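Trainee: I have a structure here, written as structure tokens, and I will follow up with some questions on it.
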Amino acid sequence: MTAREFFNWVHCPENEARFFELDRGEVVELSRPGKYHGFVCGNVAGILRNFAIQRRKGYVCTNDAGVLVERDPDTVRGPDVTFYEDDQSLDNMERQYAERPPLLAVEVLSPNDRINKTNRRIAQMLRGGVAIVWLVDPDSRDVSVYRIGQDPLLLLEAQELTGDPVLADFRCQVAEFFAMPGA
């Protein structure tokens with residue numbers, strides 16, 4: 001199945017309550033993560049959105065917006081959060097899957113995620129042009145930073161996360177991803 005066929009198929013009425021990705025032309029059904037996962041995703045997206053607003057540059061996509069990471073056969077991944085810095089506006093933004101990779105993709109581990117499948121997803125995104133992938137682990141409250149050609153960097157809850165070298169002016173404490181408002 002191509003990315004275009006996949007987009008049309010997942011938007012059929014019988015699939016509206018289901019969650020899928022496309023892996024090398026094959027449809028893969030995924031389970032829905034829980035409330036805690038959504039809370040952490042919301043925090044990550046909020047922090048990145050505030051960063052974009054503050055610097056008046058870039059934008060955030062959430063809700064597993066599809067990113068086309070491989071062609072022939074096509075692979076469409078749905079990172080939990082993505083950050084873009086491109087020339088798209090609301091009027092010319094892609095209505096289907098992003099064909100240009102984001103600068104940053106964020107995966108928040110779900111209870112059903114398996115390490116080999118997660119590593120494969122990350123490798124596909126990096127090969128597809130994503131500059132940085134953050135793997136956020138809500139249970140251990142840490143973040144692994146992946147860049148192509150480099151070993152992953154593990155940052156613990158008390159450490160600072162940066163966007164170096166791509167988003168050099170981004171900084172936050174890893175703990176902010178797991179914090180309740182006002183805490």
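Ligands are numbered from 1 in the order shown, residues from 1 within each chain, and chains are lettered A, B, ... in the order they appear in the structure tokens.
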Tell me, as an mmCIF file with C-alpha atoms, in the first residue's frame, which residues lie within 8 Å of A:Pro73, counting only C-alpha atoms; anything in the same chain fewer than 6 positions away does not count.

Mentor:
```cif
data_model
loop_
_atom_site.group_PDB
_atom_site.id
_atom_site.type_symbol
_atom_site.label_atom_id
_atom_site.label_comp_id
_atom_site.auth_asym_id
_atom_site.auth_seq_id
_atom_site.Cartn_x
_atom_site.Cartn_y
_atom_site.Cartn_z
ATOM 1 C CA MET A 1 0.000 0.000 0.000
ATOM 2 C CA THR A 2 1.291 3.490 -0.783
ATOM 3 C CA ARG A 24 7.144 -0.751 4.318
ATOM 4 C CA GLY A 25 3.762 -0.941 2.595
#
```

Trainee: DSSP says strand (DSSP E or B) for which residues of stretch 35-175 of chain A? Put them as a ChimeraX atom specification?

Mentor: /A:59-62,67-70,75-77,81-84,98,104-108,132-137,142-147,153-155,160-163,167-173

Trainee: Give me the residues within 6 Å of stretch 30-37 of chain A as a ChimeraX atom specification, counting only C-alpha atoms and dropping any in the same chain fewer than 5 places off.

Mentor: /A:19-20,110

Trainee: Restrict the selected residues to C-alpha atoms and save them as a compact mmCIF listing (two decimals), in the first residue's frame.

Mentor:
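Saved the output as again_9.txt:
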```txt
# COMPACT_ATOMS: atom_id res chain seq x y z
CA PHE A 19 -4.97 3.46 15.13
CA PHE A 20 -2.54 2.43 12.38
CA SER A 110 3.49 3.40 25.73
```

Trainee: Any idea what the distance is between atom CA of A:Pro102 and atom CA of A:Val130?

Mentor: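 Separation of atom CA of A:Pro102 and atom CA of A:Val130: 5.6 Å.
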
Trainee: Which one is closest to A:Val69: A:Leu156, A:Ile115, A:Cys172, A:Ala98? Count only C-alpha atoms.

Mentor: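 Checking each of A:Leu156, A:Ile115, A:Cys172, A:Ala98 against A:Val69, counting only C-alpha atoms, the winner is A:Ala98.
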
Trainee: Compare A:Leu167, A:Ala105, A:Ile148, A:Ala17 by their minimum atom-to-atom distance to A:Cys41, counting only C-alpha atoms, and give me the closest one.

Mentor: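 Checking each of A:Leu167, A:Ala105, A:Ile148, A:Ala17 against A:Cys41, counting only C-alpha atoms, the winner is A:Ala105.
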
Trainee: Might you pull out every residue within 9 Å of stretch 116-127 of chain A, with only C-alpha atoms counted and same-chain residues fewer than 2 positions away left off, and present them as a compact mmCIF listing (two decimals) with C-alpha atoms, in the first residue's frame?

Mentor:
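Dumped everything to out-v7.txt:
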```txt
# COMPACT_ATOMS: atom_id res chain seq x y z
CA VAL A 67 5.42 11.47 8.68
CA LEU A 68 6.47 9.71 5.48
CA VAL A 69 9.90 8.29 6.37
CA GLU A 70 10.49 5.76 3.56
CA THR A 75 6.50 3.83 5.61
CA ARG A 77 5.17 6.76 11.20
CA PRO A 101 10.83 15.45 7.84
CA ALA A 105 10.35 13.77 16.54
CA GLU A 107 8.20 9.26 20.93
CA LEU A 109 6.86 5.09 25.35
CA ASP A 113 5.86 -0.62 23.18
CA ARG A 114 8.64 -3.13 22.64
CA GLY A 129 15.78 12.85 7.60
CA VAL A 130 14.61 13.60 11.14
CA ALA A 131 17.57 15.35 12.79
CA ILE A 132 16.82 14.42 16.42
CA VAL A 133 14.52 11.87 18.05
CA TRP A 134 13.70 12.06 21.75
CA LEU A 135 12.47 8.84 23.34
CA TYR A 146 19.03 9.92 19.18
CA ARG A 147 20.97 11.51 16.31
CA ILE A 148 22.10 9.78 13.15
```

Trainee: Pick the closest to A:Val60 from A:Asp72, A:Asn112, A:Tyr97, A:Tyr84: which is it, counting only C-alpha atoms?

Mentor: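 Answer, going by the shortest atom-to-atom distance: A:Tyr84.
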